[in-house]
>>> print(open('protein.cif').read())   # mmCIF, C-alpha atoms and all ligand atoms
data_start
loop_
_atom_site.group_PDB
_atom_site.id
_atom_site.type_symbol
_atom_site.label_atom_id
_atom_site.label_comp_id
_atom_site.auth_asym_id
_atom_site.auth_seq_id
_atom_site.Cartn_x
_atom_site.Cartn_y
_atom_site.Cartn_z
ATOM 1 C CA MET A 686 -85.385 3.028 -126.329
ATOM 2 C CA GLU A 687 -87.744 1.617 -123.717
ATOM 3 C CA ILE A 688 -85.929 -0.785 -121.362
ATOM 4 C CA ASP A 689 -87.749 -3.953 -120.383
ATOM 5 C CA ASN A 690 -87.666 -4.018 -116.563
ATOM 6 C CA GLU A 691 -89.123 -7.514 -116.413
ATOM 7 C CA ILE A 692 -86.102 -9.665 -115.863
ATOM 8 C CA ASP A 693 -85.818 -13.423 -115.770
ATOM 9 C CA PRO A 694 -84.197 -14.845 -112.605
ATOM 10 C CA ARG A 695 -81.353 -16.452 -114.591
ATOM 11 C CA THR A 696 -80.185 -13.125 -116.062
ATOM 12 C CA GLN A 697 -80.526 -11.448 -112.670
ATOM 13 C CA ARG A 698 -78.458 -14.117 -110.940
ATOM 14 C CA ALA A 699 -75.886 -14.095 -113.745
ATOM 15 C CA LEU A 700 -75.355 -10.315 -113.550
ATOM 16 C CA LEU A 701 -75.033 -10.370 -109.751
ATOM 17 C CA GLU A 702 -72.576 -13.226 -110.116
ATOM 18 C CA ARG A 703 -70.583 -11.308 -112.776
ATOM 19 C CA VAL A 704 -70.066 -8.507 -110.235
ATOM 20 C CA HIS A 705 -68.607 -11.000 -107.779
ATOM 21 C CA HIS A 706 -66.529 -12.752 -110.403
ATOM 22 C CA HIS A 707 -64.926 -9.581 -111.802
ATOM 23 C CA THR A 708 -64.551 -7.449 -108.645
ATOM 24 C CA GLY A 709 -64.920 -9.699 -105.605
ATOM 25 C CA ILE A 710 -67.839 -7.491 -104.497
ATOM 26 C CA PHE A 711 -70.536 -9.708 -103.004
ATOM 27 C CA MET A 712 -74.009 -8.743 -104.197
ATOM 28 C CA PRO A 713 -76.834 -10.876 -102.799
ATOM 29 C CA GLU A 714 -80.207 -10.920 -104.556
ATOM 30 C CA ARG A 715 -81.587 -8.095 -102.419
ATOM 31 C CA LYS A 716 -79.026 -5.788 -104.131
ATOM 32 C CA TRP A 717 -80.592 -6.348 -107.524
ATOM 33 C CA THR A 718 -82.489 -3.027 -107.554
ATOM 34 C CA LEU A 719 -79.235 -1.189 -106.869
ATOM 35 C CA LEU A 720 -77.398 -3.040 -109.641
ATOM 36 C CA GLN A 721 -80.285 -2.603 -112.051
ATOM 37 C CA GLY A 722 -80.303 1.155 -111.453
ATOM 38 C CA ARG A 723 -76.576 1.414 -112.014
ATOM 39 C CA LEU A 724 -76.623 -0.572 -115.249
ATOM 40 C CA ARG A 725 -79.641 1.246 -116.666
ATOM 41 C CA ARG A 726 -77.694 4.154 -118.148
ATOM 42 C CA ARG A 727 -75.293 1.750 -119.817
ATOM 43 C CA LEU A 728 -78.213 -0.055 -121.444
ATOM 44 C CA GLN A 729 -79.440 3.333 -122.633
ATOM 45 C CA ALA A 730 -76.003 4.280 -123.993
ATOM 46 C CA LEU A 731 -75.818 1.004 -125.900
ATOM 47 C CA ALA A 732 -79.464 1.267 -127.029
ATOM 48 C CA LEU A 733 -80.268 -2.129 -125.531
ATOM 49 C CA ALA A 734 -83.829 -3.077 -124.681
ATOM 50 C CA SER A 735 -83.210 -5.661 -121.958
ATOM 51 C CA TYR A 736 -80.782 -6.776 -119.244
ATOM 52 C CA ARG A 737 -80.537 -10.125 -120.977
ATOM 53 C CA GLU A 738 -79.106 -8.359 -124.051
ATOM 54 C CA TYR A 739 -76.690 -6.507 -121.805
ATOM 55 C CA LEU A 740 -75.490 -9.764 -120.265
ATOM 56 C CA ALA A 741 -74.783 -11.060 -123.775
ATOM 57 C CA VAL A 742 -72.755 -7.900 -124.540
ATOM 58 C CA LEU A 743 -70.791 -8.266 -121.303
ATOM 59 C CA GLU A 744 -69.988 -11.877 -122.101
ATOM 60 C CA SER A 745 -69.036 -11.315 -125.729
ATOM 61 C CA ARG A 746 -67.196 -7.955 -125.755
ATOM 62 C CA PRO A 747 -64.092 -7.829 -123.517
ATOM 63 C CA GLU A 748 -63.990 -4.018 -123.748
ATOM 64 C CA GLU A 749 -67.355 -3.838 -121.927
ATOM 65 C CA LEU A 750 -65.832 -5.081 -118.691
ATOM 66 C CA GLY A 751 -64.225 -1.719 -117.806
ATOM 67 C CA HIS A 752 -67.600 0.061 -118.145
ATOM 68 C CA PHE A 753 -69.245 -2.626 -116.031
ATOM 69 C CA ILE A 754 -66.648 -2.266 -113.253
ATOM 70 C CA ASN A 755 -66.918 1.540 -113.296
ATOM 71 C CA LEU A 756 -70.686 1.263 -112.866
ATOM 72 C CA VAL A 757 -70.903 -1.437 -110.207
ATOM 73 C CA THR A 758 -68.335 -0.030 -107.774
ATOM 74 C CA THR A 759 -69.271 2.455 -105.032
ATOM 75 C CA ASN A 760 -66.706 5.250 -105.046
ATOM 76 C CA GLU A 761 -67.763 7.459 -102.127
ATOM 77 C CA THR A 762 -64.736 9.184 -100.519
ATOM 78 C CA SER A 763 -63.572 12.539 -99.152
ATOM 79 C CA PHE A 764 -60.477 14.413 -97.961
ATOM 80 C CA PHE A 765 -59.485 13.452 -94.394
ATOM 81 C CA ARG A 766 -62.352 10.981 -94.073
ATOM 82 C CA THR A 767 -62.580 9.758 -90.441
ATOM 83 C CA PRO A 768 -60.627 12.582 -88.745
ATOM 84 C CA ARG A 769 -59.236 10.510 -85.848
ATOM 85 C CA ILE A 770 -57.258 8.353 -88.288
ATOM 86 C CA TRP A 771 -55.486 11.427 -89.629
ATOM 87 C CA ASP A 772 -54.601 12.465 -86.083
ATOM 88 C CA TYR A 773 -53.141 8.997 -85.572
ATOM 89 C CA LEU A 774 -51.180 9.175 -88.857
ATOM 90 C CA SER A 775 -49.764 12.629 -88.121
ATOM 91 C CA GLN A 776 -48.464 11.280 -84.800
ATOM 92 C CA LEU A 777 -47.058 8.212 -86.534
ATOM 93 C CA LEU A 778 -44.867 10.181 -88.970
ATOM 94 C CA PRO A 779 -42.323 11.497 -86.388
ATOM 95 C CA ARG A 780 -42.014 8.014 -84.844
ATOM 96 C CA TRP A 781 -41.505 6.409 -88.244
ATOM 97 C CA PHE A 782 -38.937 9.043 -89.273
ATOM 98 C CA GLU A 783 -36.982 8.573 -86.059
ATOM 99 C CA ASN A 784 -36.710 4.812 -86.683
ATOM 100 C CA HIS A 785 -36.106 4.893 -90.456
ATOM 101 C CA ARG A 786 -33.577 7.649 -91.123
ATOM 102 C CA GLY A 787 -32.525 7.629 -94.774
ATOM 103 C CA SER A 788 -35.543 5.569 -95.942
ATOM 104 C CA THR A 789 -38.495 6.729 -98.021
ATOM 105 C CA LEU A 790 -41.903 6.264 -96.403
ATOM 106 C CA GLN A 791 -43.990 4.101 -98.737
ATOM 107 C CA VAL A 792 -47.754 4.498 -98.462
ATOM 108 C CA TRP A 793 -50.423 2.519 -100.298
ATOM 109 C CA SER A 794 -53.891 3.966 -100.689
ATOM 110 C CA ALA A 795 -55.550 0.685 -101.665
ATOM 111 C CA ALA A 796 -59.017 1.212 -103.165
ATOM 112 C CA ALA A 797 -58.122 4.884 -103.575
ATOM 113 C CA SER A 798 -61.244 5.828 -105.541
ATOM 114 C CA THR A 799 -60.872 9.421 -106.839
ATOM 115 C CA GLY A 800 -57.672 10.059 -104.874
ATOM 116 C CA GLU A 801 -58.766 12.244 -101.945
ATOM 117 C CA GLU A 802 -57.265 9.777 -99.465
ATOM 118 C CA ALA A 803 -53.904 9.696 -101.268
ATOM 119 C CA TYR A 804 -53.709 13.510 -101.425
ATOM 120 C CA SER A 805 -54.787 13.832 -97.770
ATOM 121 C CA MET A 806 -51.825 11.631 -96.879
ATOM 122 C CA ALA A 807 -49.576 13.712 -99.151
ATOM 123 C CA MET A 808 -50.631 16.921 -97.348
ATOM 124 C CA LEU A 809 -49.822 15.333 -94.001
ATOM 125 C CA CYS A 810 -46.409 14.273 -95.315
ATOM 126 C CA GLU A 811 -45.681 17.706 -96.813
ATOM 127 C CA GLU A 812 -46.448 19.352 -93.476
ATOM 128 C CA PHE A 813 -44.024 16.987 -91.793
ATOM 129 C CA ARG A 814 -41.401 17.526 -94.484
ATOM 130 C CA ALA A 815 -41.572 21.290 -93.943
ATOM 131 C CA LEU A 816 -40.190 20.592 -90.436
ATOM 132 C CA HIS A 817 -37.856 17.754 -91.474
ATOM 133 C CA PRO A 818 -36.471 18.388 -94.979
ATOM 134 C CA ALA A 819 -34.725 14.989 -95.044
ATOM 135 C CA PHE A 820 -38.084 13.201 -94.861
ATOM 136 C CA ARG A 821 -39.054 11.444 -98.123
ATOM 137 C CA TYR A 822 -42.351 9.785 -99.024
ATOM 138 C CA ARG A 823 -44.119 8.136 -101.947
ATOM 139 C CA ILE A 824 -47.816 7.340 -102.182
ATOM 140 C CA LEU A 825 -49.391 4.820 -104.539
ATOM 141 C CA GLY A 826 -53.153 4.939 -105.086
ATOM 142 C CA THR A 827 -54.756 1.883 -106.669
ATOM 143 C CA ASP A 828 -58.303 0.980 -107.574
ATOM 144 C CA ILE A 829 -60.074 -1.519 -109.777
ATOM 145 C CA ALA A 830 -62.164 1.189 -111.494
ATOM 146 C CA SER A 831 -60.520 3.188 -114.293
ATOM 147 C CA GLU A 832 -62.797 6.260 -114.185
ATOM 148 C CA VAL A 833 -62.020 7.124 -110.578
ATOM 149 C CA LEU A 834 -58.294 6.606 -111.158
ATOM 150 C CA ALA A 835 -58.428 9.108 -114.026
ATOM 151 C CA VAL A 836 -59.895 11.694 -111.622
ATOM 152 C CA GLY A 837 -57.093 11.011 -109.118
ATOM 153 C CA ALA A 838 -54.424 11.351 -111.803
ATOM 154 C CA ALA A 839 -55.956 14.605 -113.115
ATOM 155 C CA ALA A 840 -56.053 15.838 -109.475
ATOM 156 C CA ARG A 841 -58.951 18.239 -110.156
ATOM 157 C CA TYR A 842 -61.659 18.532 -107.541
ATOM 158 C CA HIS A 843 -64.757 20.619 -106.983
ATOM 159 C CA GLY A 844 -68.077 20.578 -105.168
ATOM 160 C CA ARG A 845 -68.843 18.726 -101.950
ATOM 161 C CA ASN A 846 -65.378 17.332 -101.293
ATOM 162 C CA ILE A 847 -63.649 20.679 -101.771
ATOM 163 C CA GLU A 848 -66.238 22.321 -99.509
ATOM 164 C CA GLY A 849 -65.513 19.670 -96.864
ATOM 165 C CA LEU A 850 -61.802 20.426 -97.061
ATOM 166 C CA ARG A 851 -62.478 24.167 -96.921
ATOM 167 C CA ARG A 852 -64.386 23.623 -93.669
ATOM 168 C CA SER A 853 -61.946 21.180 -92.038
ATOM 169 C CA ARG A 854 -58.547 22.557 -93.165
ATOM 170 C CA PRO A 855 -58.984 25.896 -94.972
ATOM 171 C CA ALA A 856 -55.270 26.767 -94.741
ATOM 172 C CA TRP A 857 -54.329 23.520 -96.502
ATOM 173 C CA LEU A 858 -56.791 24.146 -99.337
ATOM 174 C CA GLU A 859 -55.067 27.479 -99.821
ATOM 175 C CA LYS A 860 -51.579 25.987 -99.565
ATOM 176 C CA TYR A 861 -51.868 22.760 -101.562
ATOM 177 C CA PHE A 862 -54.451 23.604 -104.259
ATOM 178 C CA GLU A 863 -54.695 26.119 -107.060
ATOM 179 C CA PRO A 864 -57.957 27.392 -108.550
ATOM 180 C CA ALA A 865 -58.673 25.764 -111.922
ATOM 181 C CA ASP A 866 -61.763 25.917 -114.151
ATOM 182 C CA ASP A 867 -64.756 25.406 -111.881
ATOM 183 C CA GLY A 868 -62.725 23.898 -109.028
ATOM 184 C CA PHE A 869 -59.202 23.305 -107.763
ATOM 185 C CA VAL A 870 -56.162 21.371 -108.906
ATOM 186 C CA VAL A 871 -53.710 19.761 -106.466
ATOM 187 C CA SER A 872 -50.316 21.516 -106.426
ATOM 188 C CA SER A 873 -47.491 19.958 -108.408
ATOM 189 C CA ALA A 874 -45.425 19.526 -105.190
ATOM 190 C CA LEU A 875 -47.994 17.032 -103.884
ATOM 191 C CA ARG A 876 -48.594 15.382 -107.239
ATOM 192 C CA ALA A 877 -44.882 14.690 -107.650
ATOM 193 C CA ASN A 878 -45.094 12.163 -104.802
ATOM 194 C CA VAL A 879 -48.380 10.503 -105.681
ATOM 195 C CA ALA A 880 -49.026 7.968 -108.443
ATOM 196 C CA PHE A 881 -52.111 5.995 -109.439
ATOM 197 C CA ARG A 882 -52.522 2.654 -111.080
ATOM 198 C CA GLN A 883 -55.189 0.044 -111.680
ATOM 199 C CA HIS A 884 -55.166 -2.998 -109.431
ATOM 200 C CA HIS A 885 -57.613 -5.667 -108.304
ATOM 201 C CA LEU A 886 -57.165 -6.200 -104.566
ATOM 202 C CA HIS A 887 -57.535 -9.960 -104.971
ATOM 203 C CA GLN A 888 -54.322 -10.021 -106.959
ATOM 204 C CA ARG A 889 -50.687 -9.557 -106.079
ATOM 205 C CA LEU A 890 -49.484 -5.966 -106.491
ATOM 206 C CA GLU A 891 -46.516 -6.453 -108.795
ATOM 207 C CA GLY A 892 -43.555 -4.099 -109.050
ATOM 208 C CA ALA A 893 -44.343 -2.034 -105.964
ATOM 209 C CA PRO A 894 -42.130 -1.350 -102.947
ATOM 210 C CA ARG A 895 -42.957 -2.881 -99.556
ATOM 211 C CA PHE A 896 -45.356 -0.485 -97.875
ATOM 212 C CA ASP A 897 -44.912 1.043 -94.427
ATOM 213 C CA ILE A 898 -48.531 2.213 -94.318
ATOM 214 C CA THR A 899 -51.522 0.691 -96.109
ATOM 215 C CA LEU A 900 -54.849 2.501 -96.102
ATOM 216 C CA LEU A 901 -57.417 -0.195 -96.878
ATOM 217 C CA ARG A 902 -60.552 1.668 -95.947
ATOM 218 C CA ASN A 903 -64.202 1.218 -96.760
ATOM 219 C CA VAL A 904 -63.682 -1.591 -99.227
ATOM 220 C CA LEU A 905 -63.497 -4.773 -97.106
ATOM 221 C CA ILE A 906 -67.209 -4.342 -96.373
ATOM 222 C CA TYR A 907 -68.019 -5.173 -99.992
ATOM 223 C CA PHE A 908 -66.336 -8.583 -99.923
ATOM 224 C CA ASP A 909 -67.498 -11.888 -98.459
ATOM 225 C CA GLU A 910 -65.324 -13.620 -95.870
ATOM 226 C CA ALA A 911 -63.239 -15.534 -98.418
ATOM 227 C CA GLY A 912 -62.679 -12.302 -100.360
ATOM 228 C CA GLN A 913 -61.644 -10.413 -97.224
ATOM 229 C CA ARG A 914 -59.110 -13.101 -96.360
ATOM 230 C CA ARG A 915 -57.705 -12.970 -99.857
ATOM 231 C CA VAL A 916 -57.399 -9.173 -99.856
ATOM 232 C CA LEU A 917 -55.765 -9.129 -96.421
ATOM 233 C CA GLU A 918 -53.268 -11.764 -97.493
ATOM 234 C CA GLN A 919 -52.333 -9.688 -100.560
ATOM 235 C CA ALA A 920 -52.020 -6.584 -98.377
ATOM 236 C CA ARG A 921 -49.860 -8.492 -95.904
ATOM 237 C CA GLN A 922 -47.520 -9.626 -98.654
ATOM 238 C CA ALA A 923 -47.232 -6.074 -100.002
ATOM 239 C CA MET A 924 -46.209 -4.644 -96.613
ATOM 240 C CA GLN A 925 -43.145 -4.322 -94.439
ATOM 241 C CA PRO A 926 -43.174 -6.398 -91.242
ATOM 242 C CA GLY A 927 -44.479 -4.062 -88.545
ATOM 243 C CA GLY A 928 -46.187 -1.928 -91.205
ATOM 244 C CA VAL A 929 -49.414 -0.156 -90.311
ATOM 245 C CA LEU A 930 -52.756 -1.185 -91.801
ATOM 246 C CA VAL A 931 -55.691 1.204 -91.450
ATOM 247 C CA ILE A 932 -59.241 0.024 -92.133
ATOM 248 C CA GLY A 933 -62.589 1.812 -92.367
ATOM 249 C CA GLU A 934 -64.966 2.809 -89.588
ATOM 250 C CA SER A 935 -67.504 0.074 -90.217
ATOM 251 C CA GLU A 936 -64.865 -2.642 -90.666
ATOM 252 C CA SER A 937 -63.052 -5.002 -88.334
ATOM 253 C CA LEU A 938 -60.526 -7.805 -88.647
ATOM 254 C CA GLY A 939 -61.608 -9.170 -85.267
ATOM 255 C CA TRP A 940 -62.724 -12.584 -86.357
ATOM 256 C CA LEU A 941 -60.297 -13.109 -89.227
ATOM 257 C CA GLU A 942 -56.995 -14.922 -88.826
ATOM 258 C CA SER A 943 -55.379 -12.171 -90.846
ATOM 259 C CA GLY A 944 -51.657 -11.917 -90.087
ATOM 260 C CA PHE A 945 -52.226 -8.470 -88.552
ATOM 261 C CA ALA A 946 -52.207 -7.610 -84.861
ATOM 262 C CA PHE A 947 -54.652 -5.126 -83.348
ATOM 263 C CA GLU A 948 -53.050 -1.838 -82.281
ATOM 264 C CA GLN A 949 -56.050 0.409 -81.691
ATOM 265 C CA PRO A 950 -59.515 0.725 -83.245
ATOM 266 C CA LEU A 951 -59.128 0.773 -87.056
ATOM 267 C CA VAL A 952 -55.345 0.305 -86.833
ATOM 268 C CA TYR A 953 -53.409 -2.977 -87.144
ATOM 269 C CA ARG A 954 -49.737 -3.946 -87.471
ATOM 270 C CA ARG A 955 -48.479 -6.506 -89.912
ATOM 271 C CA GLN A 956 -47.025 -9.383 -87.940
ATOM 272 C CA GLU A 957 -43.464 -10.518 -88.580
ATOM 273 C CA ALA A 958 -44.229 -13.815 -90.264
ATOM 274 C CA ARG A 959 -47.324 -15.875 -90.723
ATOM 275 C CA HIS A 960 -47.417 -19.428 -89.537
ATOM 276 C CA GLY A 961 -46.738 -21.727 -92.501
ATOM 277 C CA SER A 962 -46.123 -18.915 -95.020
ATOM 278 C CA HIS A 963 -43.113 -16.945 -96.174
ATOM 279 C CA ALA A 964 -43.259 -13.159 -95.953
HETATM 280 C C1 LIG A 1001 -66.165 3.419 -100.946
HETATM 281 S S1 LIG A 1001 -64.692 3.589 -101.897
HETATM 282 C C2 LIG A 1001 -63.481 3.856 -100.625
HETATM 283 C C3 LIG A 1001 -62.462 4.924 -101.005
HETATM 284 C C4 LIG A 1001 -61.446 5.257 -99.922
HETATM 285 N N1 LIG A 1001 -60.629 4.114 -99.600
HETATM 286 C C5 LIG A 1001 -62.123 5.800 -98.690
HETATM 287 O O1 LIG A 1001 -62.143 5.128 -97.659
HETATM 288 O O2 LIG A 1001 -62.637 6.915 -98.741
HETATM 289 C C6 LIG A 1001 -64.398 1.886 -102.377
HETATM 290 C C7 LIG A 1001 -63.463 1.741 -103.568
HETATM 291 O O3 LIG A 1001 -63.064 0.372 -103.656
HETATM 292 C C8 LIG A 1001 -62.880 0.068 -105.020
HETATM 293 N N2 LIG A 1001 -62.896 -1.382 -105.204
HETATM 294 C C9 LIG A 1001 -63.952 -2.219 -105.125
HETATM 295 N N3 LIG A 1001 -63.567 -3.487 -105.355
HETATM 296 C C10 LIG A 1001 -62.228 -3.452 -105.585
HETATM 297 C C11 LIG A 1001 -61.258 -4.434 -105.881
HETATM 298 N N4 LIG A 1001 -61.578 -5.735 -105.986
HETATM 299 N N5 LIG A 1001 -59.983 -4.046 -106.070
HETATM 300 C C12 LIG A 1001 -59.632 -2.746 -105.954
HETATM 301 N N6 LIG A 1001 -60.514 -1.762 -105.676
HETATM 302 C C13 LIG A 1001 -61.800 -2.105 -105.487
HETATM 303 C C14 LIG A 1001 -64.021 0.807 -105.707
HETATM 304 O O4 LIG A 1001 -63.780 1.011 -107.076
HETATM 305 C C15 LIG A 1001 -64.098 2.102 -104.896
HETATM 306 O O5 LIG A 1001 -63.398 3.152 -105.525
#
>>> encode(input="protein.cif", output="structure tokens", more="lines below")
Ligand SMILES: C[S@@+](CC[C@H](N)C(=O)[O-])C[C@H]1O[C@@H](n2cnc3c(N)ncnc32)[C@H](O)[C@@H]1O
Amino acid sequence: MEIDNEIDPRTQRALLERVHHHTGIFMPERKWTLLQGRLRRRLQALALASYREYLAVLESRPEELGHFINLVTTNETSFFRTPRIWDYLSQLLPRWFENHRGSTLQVWSAAASTGEEAYSMAMLCEEFRALHPAFRYRILGTDIASEVLAVGAAARYHGRNIEGLRRSRPAWLEKYFEPADDGFVVSSALRANVAFRQHHLHQRLEGAPRFDITLLRNVLIYFDEAGQRRVLEQARQAMQPGGVLVIGESESLGWLESGFAFEQPLVYRRQEARHGSHA
């Protein structure tokens, strides 16, 4: 069916606003072409002729929301993205282990997308555990989008991201992955320590342990200032005092009163307690 690309300003504004309302992602009017392109295939799948009809579907059928969220989120990720952060984390593990004998390291890959970040962390931990068998770790990957979480849980990868890993750490591809179908599946030893679950970063993460490390990378950029504050407050509440927060390369907490103290570029520490709040 031919889709009517003429769109009335009310429908356009309403769809951009729906993105913000459901995900916290701030989409100003100049992002309309991007949103329109992403929603187009959903209109085709539903045989709808206009964006106005799609808006009506979104507002009347609760089950449409999951599709909408899967389409409007940007899920770009890779294994060991931003190499210097992984150098920092591999140096952090011995220090953490020294100070927390008998504890399990709890890591949160917040906005985990398809799981490459969570499994990168698991590889780092497995390497450390090979030297220190008493070391224990658990990694939780969360994301608002269900499709990417399903990829993380299935732990099957191929294409560009596997090629990137083959170039950067060929021995680890060999060690922690097995060939499967047209790609590779993460070994069961890694998968045993990694779990995925759906979570909206604006909300409290219920039923999770207090995290020692939170990887909150390449997601703050999508939120407006109020949204960033909200997400950081939820992250703060989910973390151990002194826990490490890692953000993305194009992000900064510089101007936010966030409850985290700067440690080095991209790395912050959760402060003990926040003035006027209870940790
Ligand atoms: C660009 S990816 C970043 C993936 C990974 N953290 C990295 O740095 O490679 C951004 C992810 O944030 C997720 N996301 C967007 N808004 C979210 C929200 N409100 N709550 C949880 N996840 C969200 C998207 O679904 C997407 O998978």
>>> closest_residue(input="protein.cif", among="A:Val792, A:Ala880, A:Val931, A:Ala946", to="ligand LIG 1001 (chain A)", atoms="only C-alpha atoms and all ligand atoms")
A:Val931
>>> closest_residue(input="protein.cif", among="A:Gln776, A:Ser735, A:Thr827, A:Gln721", to="Glu687 (chain A)", atoms="all atoms listed in the file")
A:Ser735
>>> atom_distance(input="protein.cif", atom1="CA of Arg851 (chain A)", atom2="CA of Ile932 (chain A)")
24.8 Å
>>> closest_residue(input="protein.cif", among="A:Ala699, A:Leu816, A:Ile710, A:Val757", to="Phe908 (chain A)", atoms="only C-alpha atoms")
A:Ile710
>>> closest_atom_pairs(input="protein.cif", of="chain A", to="ligand LIG 1001 (chain A)", cutoff="8 Å", atoms="all atoms listed in the file", output="tab-separated table")
residue	atom	partner	partner_atom	distance
A:His707	CA	A:LIG1001	N4	7.7
A:Thr708	CA	A:LIG1001	N4	4.3
A:Gly709	CA	A:LIG1001	N4	5.2
A:Ile710	CA	A:LIG1001	N3	5.9
A:Ile754	CA	A:LIG1001	O4	7.6
A:Asn755	CA	A:LIG1001	O4	7.0
A:Thr758	CA	A:LIG1001	O4	4.7
A:Thr759	CA	A:LIG1001	C15	5.2
A:Asn760	CA	A:LIG1001	O5	3.9
A:Glu761	CA	A:LIG1001	C1	4.5
A:Thr762	CA	A:LIG1001	O2	3.6
A:Ser763	CA	A:LIG1001	O2	5.7
A:Phe764	CA	A:LIG1001	O2	7.8
A:Arg766	CA	A:LIG1001	O2	6.2
A:Ser794	CA	A:LIG1001	N1	6.8
A:Ala795	CA	A:LIG1001	N1	6.5
A:Ala796	CA	A:LIG1001	O3	4.2
A:Ala797	CA	A:LIG1001	N1	4.8
A:Ser798	CA	A:LIG1001	O5	3.4
A:Thr799	CA	A:LIG1001	O5	6.9
A:Gly800	CA	A:LIG1001	C4	7.9
A:Glu801	CA	A:LIG1001	O2	7.3
A:Glu802	CA	A:LIG1001	O2	6.1
A:Thr827	CA	A:LIG1001	C12	6.8
A:Asp828	CA	A:LIG1001	N6	4.0
A:Ile829	CA	A:LIG1001	C12	4.0
A:Ala830	CA	A:LIG1001	O4	4.7
A:Val833	CA	A:LIG1001	O5	6.6
A:Gln883	CA	A:LIG1001	C12	7.8
A:His884	CA	A:LIG1001	C12	5.7
A:His885	CA	A:LIG1001	N5	3.6
A:Leu886	CA	A:LIG1001	N5	3.9
A:His887	CA	A:LIG1001	N4	5.9
A:Leu900	CA	A:LIG1001	N1	6.9
A:Leu901	CA	A:LIG1001	N1	6.0
A:Arg902	CA	A:LIG1001	O1	4.2
A:Asn903	CA	A:LIG1001	O1	4.5
A:Val904	CA	A:LIG1001	C6	4.7
A:Tyr907	CA	A:LIG1001	N3	7.2
A:Phe908	CA	A:LIG1001	N3	7.9
A:Gly933	CA	A:LIG1001	O1	6.3
>>> build_atoms(input="protein.cif", residues="region 687-703 of chain A", atoms="N, CA and C atoms", output="PDB file, in the frame of the given file")
ATOM      1  N   GLU A 687     -87.106   2.070-124.964  1.00  0.00           N
ATOM      2  CA  GLU A 687     -87.744   1.617-123.717  1.00  0.00           C
ATOM      3  C   GLU A 687     -87.019   0.374-123.197  1.00  0.00           C
ATOM      4  N   ILE A 688     -86.622   0.394-121.908  1.00  0.00           N
ATOM      5  CA  ILE A 688     -85.929  -0.785-121.362  1.00  0.00           C
ATOM      6  C   ILE A 688     -86.949  -1.699-120.672  1.00  0.00           C
ATOM      7  N   ASP A 689     -86.846  -2.969-120.988  1.00  0.00           N
ATOM      8  CA  ASP A 689     -87.749  -3.953-120.383  1.00  0.00           C
ATOM      9  C   ASP A 689     -87.282  -4.247-118.955  1.00  0.00           C
ATOM     10  N   ASN A 690     -88.081  -3.820-117.958  1.00  0.00           N
ATOM     11  CA  ASN A 690     -87.666  -4.018-116.563  1.00  0.00           C
ATOM     12  C   ASN A 690     -88.024  -5.397-116.024  1.00  0.00           C
ATOM     13  N   GLU A 691     -88.837  -6.121-116.779  1.00  0.00           N
ATOM     14  CA  GLU A 691     -89.123  -7.514-116.413  1.00  0.00           C
ATOM     15  C   GLU A 691     -87.842  -8.297-116.667  1.00  0.00           C
ATOM     16  N   ILE A 692     -87.372  -8.972-115.669  1.00  0.00           N
ATOM     17  CA  ILE A 692     -86.102  -9.665-115.863  1.00  0.00           C
ATOM     18  C   ILE A 692     -86.224 -11.098-115.374  1.00  0.00           C
ATOM     19  N   ASP A 693     -85.716 -12.021-116.178  1.00  0.00           N
ATOM     20  CA  ASP A 693     -85.818 -13.423-115.770  1.00  0.00           C
ATOM     21  C   ASP A 693     -84.773 -13.700-114.693  1.00  0.00           C
ATOM     22  N   PRO A 694     -85.088 -14.602-113.743  1.00  0.00           N
ATOM     23  CA  PRO A 694     -84.197 -14.845-112.605  1.00  0.00           C
ATOM     24  C   PRO A 694     -82.797 -15.289-113.025  1.00  0.00           C
ATOM     25  N   ARG A 695     -82.679 -15.974-114.159  1.00  0.00           N
ATOM     26  CA  ARG A 695     -81.353 -16.452-114.591  1.00  0.00           C
ATOM     27  C   ARG A 695     -80.431 -15.276-114.938  1.00  0.00           C
ATOM     28  N   THR A 696     -80.971 -14.310-115.676  1.00  0.00           N
ATOM     29  CA  THR A 696     -80.185 -13.125-116.062  1.00  0.00           C
ATOM     30  C   THR A 696     -79.803 -12.331-114.813  1.00  0.00           C
ATOM     31  N   GLN A 697     -80.782 -12.190-113.908  1.00  0.00           N
ATOM     32  CA  GLN A 697     -80.526 -11.448-112.670  1.00  0.00           C
ATOM     33  C   GLN A 697     -79.392 -12.096-111.879  1.00  0.00           C
ATOM     34  N   ARG A 698     -79.501 -13.396-111.690  1.00  0.00           N
ATOM     35  CA  ARG A 698     -78.458 -14.117-110.940  1.00  0.00           C
ATOM     36  C   ARG A 698     -77.110 -14.019-111.640  1.00  0.00           C
ATOM     37  N   ALA A 699     -77.145 -14.119-112.977  1.00  0.00           N
ATOM     38  CA  ALA A 699     -75.886 -14.095-113.745  1.00  0.00           C
ATOM     39  C   ALA A 699     -75.200 -12.733-113.611  1.00  0.00           C
ATOM     40  N   LEU A 700     -75.978 -11.648-113.653  1.00  0.00           N
ATOM     41  CA  LEU A 700     -75.355 -10.315-113.550  1.00  0.00           C
ATOM     42  C   LEU A 700     -74.790 -10.078-112.143  1.00  0.00           C
ATOM     43  N   LEU A 701     -75.551 -10.506-111.126  1.00  0.00           N
ATOM     44  CA  LEU A 701     -75.033 -10.370-109.751  1.00  0.00           C
ATOM     45  C   LEU A 701     -73.759 -11.197-109.598  1.00  0.00           C
ATOM     46  N   GLU A 702     -73.746 -12.349-110.210  1.00  0.00           N
ATOM     47  CA  GLU A 702     -72.576 -13.226-110.116  1.00  0.00           C
ATOM     48  C   GLU A 702     -71.384 -12.638-110.872  1.00  0.00           C
ATOM     49  N   ARG A 703     -71.663 -11.962-111.996  1.00  0.00           N
ATOM     50  CA  ARG A 703     -70.583 -11.308-112.776  1.00  0.00           C
ATOM     51  C   ARG A 703     -69.887 -10.242-111.922  1.00  0.00           C
TER      52      ARG A 703
END
